[in-house]
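First up is the structure itself, then whatever we jot down about it.
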Amino acid sequence: MFILQIALVLFATKLAGNLAARIGQPSVLGKIIVGIILGPALLGWVHDTELLTVFSQIGVLLLMFLAGLETDLQEMNRNKKAAIYVALGGIILPIILGYAGSQYYGMSVGESIFIGLLLSATSVSISVQALRELGWLNSKEGSTLLGAAVLDDIVVVILIAIAMSFFAGSDTNIGVLIGKKVLFFAILIVLAKWFIPHFIRIFKKFKVTESILSAGLIICFGLSYFAEFLGIAGIIGAFFAGIAIAQTEFKNEIEHKVEPIAYGIFVPFFFVSIGLAVSFDGIGDQIGFIVVFSIIAVVSKFIGSGLGAKLAGFNTKSSMGVGAGMVSRGEVALILAAMGLEGGLLPANYYTSIIIVIIVTTIVTPPLLKAIFGKRIAVFKKT
């Protein structure tokens, strides 16, 4: 059955991506929407099985790995101040508006704080794909977005851990949590400078096929696991694995060989998996809640991160584009929502509605980016 699902997902995502591109939208928009169509919400042809989840996880890791390979580290370093402003703006305003909206719907203080924190999460995996298609990934705006997303992930995870230890009674040592984040980046710097280049050179000498490609994938998945082990999203580990390899002479070879693997099979499953999370069961009485929180989710990031970019010196168009790129909550918020449900800080009766809100932010991000930035045709890559 899964073999049939592979064929169906690959065919449907490429067809939907082509249709989206033909009407002037990033192809990723069509791929996410086709996941909703194929999934339990409508046709029910594709279900969230264990194998599909594995393919999806590999897909998003490879997507962020490629983003890291294409990232200009010097440009990213030049925009670190802007990234801090964007991240802070994209955290503070969603917390305030999310808390206010939750209070309006009668949630407790702990639940309201958690919803605010949930809405402050960012997943730029969808934005990365849209920016890549539009040709803006390796730009000042793209570098700022990626840097802000990394900071956002670290800060929000720490704040959610504090909230859960305070309101849900979970036994979390905040000092240890922060220490793990610091440890990750300290070890990452050492690995990037002294270990990774030598590791690939040693692998290159192996008398086996595609040794350099295998070395790159080992680094990608190894750093992803290490990041998750220390409480950081695996996509952050994959992203920095790409950045580390981009500083070596093996960058182009690894990028050109990973790209067909990623987009040929694994990445389409990630896009479809976003849509599979949608379910319309029992939401008839919560349409108002979904509309209100979808507006809060989109506006709070768009304005909060956009103002941060403006304060950092971006012009109005670029600030709006950066704000739009931070709107998507994607898989990061889906994971945090599940944590909140398990910890008792996300009311069970609102869980499905919150999931739909997260999907809405993910769907609106590509067309927002297209409307603001437009397309740099010369550097566009078909995916």
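By order of appearance in the structure tokens: chains A, B, ..., then residues from 1 within every chain, and ligands from 1 in the order shown.
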
Open item on the list: When you look at Gly264 in chain A with a cut-off of 12 Å (counting only C-alpha atoms), what residues show up, excluding the ones that are within fewer than 3 positions of it in the same chain? I need them as number ranges by chain.
Closed with: A: 6-7, 9-11, 13-14, 55, 59, 62-63, 257-261, 267-269, 382-383

Could you write those residues out with N, CA and C atoms, as a compact mmCIF listing (two decimals), in the first residue's frame?
```txt
# COMPACT_ATOMS: atom_id res chain seq x y z
N ILE A 6 3.47 6.26 -2.43
CA ILE A 6 4.64 6.96 -2.96
C ILE A 6 4.34 7.49 -4.36
N ALA A 7 3.81 6.60 -5.20
CA ALA A 7 3.49 7.00 -6.58
C ALA A 7 2.45 8.11 -6.59
N VAL A 9 1.63 10.32 -4.15
CA VAL A 9 2.13 11.59 -3.58
C VAL A 9 3.05 12.29 -4.57
N LEU A 10 3.96 11.54 -5.19
CA LEU A 10 4.88 12.16 -6.15
C LEU A 10 4.14 12.74 -7.35
N PHE A 11 3.18 11.98 -7.87
CA PHE A 11 2.41 12.46 -9.02
C PHE A 11 1.58 13.69 -8.65
N THR A 13 1.87 15.85 -6.08
CA THR A 13 2.60 17.06 -5.70
C THR A 13 3.22 17.75 -6.91
N LYS A 14 3.75 16.98 -7.85
CA LYS A 14 4.33 17.60 -9.05
C LYS A 14 3.24 18.25 -9.90
N PHE A 55 9.50 9.53 5.85
CA PHE A 55 9.83 10.21 4.59
C PHE A 55 9.71 11.72 4.74
N GLY A 59 12.57 14.54 4.44
CA GLY A 59 12.35 15.61 3.47
C GLY A 59 12.64 16.98 4.04
N LEU A 62 16.42 17.46 4.66
CA LEU A 62 17.16 17.71 3.42
C LEU A 62 16.86 19.10 2.87
N LEU A 63 15.63 19.55 3.03
CA LEU A 63 15.25 20.89 2.58
C LEU A 63 16.07 21.95 3.31
N LYS A 257 24.16 16.81 -5.84
CA LYS A 257 23.77 15.40 -5.71
C LYS A 257 22.65 15.19 -4.69
N VAL A 258 22.57 16.06 -3.69
CA VAL A 258 21.50 15.95 -2.69
C VAL A 258 20.18 16.46 -3.27
N GLU A 259 20.26 17.49 -4.09
CA GLU A 259 19.05 18.12 -4.63
C GLU A 259 18.11 17.14 -5.33
N PRO A 260 18.58 16.28 -6.24
CA PRO A 260 17.66 15.33 -6.89
C PRO A 260 17.05 14.33 -5.92
N ILE A 261 17.83 13.90 -4.94
CA ILE A 261 17.31 12.96 -3.94
C ILE A 261 16.20 13.62 -3.13
N VAL A 267 11.18 15.46 -0.15
CA VAL A 267 10.57 16.75 0.14
C VAL A 267 9.07 16.78 -0.19
N PRO A 268 8.62 16.17 -1.30
CA PRO A 268 7.16 16.15 -1.54
C PRO A 268 6.36 15.56 -0.39
N PHE A 269 6.91 14.57 0.30
CA PHE A 269 6.20 13.98 1.43
C PHE A 269 6.09 14.95 2.60
N LYS A 382 13.82 25.11 -10.53
CA LYS A 382 12.62 24.28 -10.51
C LYS A 382 12.76 23.18 -9.48
N THR A 383 11.72 23.00 -8.68
CA THR A 383 11.75 21.94 -7.67
C THR A 383 10.44 21.19 -7.66
```

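Ranking A:Glu133, A:Pro26, A:Ile162, A:Ala67 by their shortest atom-to-atom distance to Gly110 in chain A, with only C-alpha atoms included, puts A:Ile162 first.
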
Task: Shortest interatomic distance to Leu43 in chain A - which of A:Gly275, A:Gly175, A:Gly68, A:Gly89, counting only C-alpha atoms - done: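 Closest to Leu43 in chain A of all the choices is A:Gly275.
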
- [ ] Find the residues around range 228-238 of chain A up to 6 Å (only C-alpha atoms counted), leave out those fewer than 3 positions away in its own chain, and share them as a PyMOL selection string.
- [x] chain A and resi 61+64-65+180+220+223-225+241

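CA of Ala82 in chain A to CA of Leu307 in chain A spans 10.5 Å [interatomic distance, one decimal].
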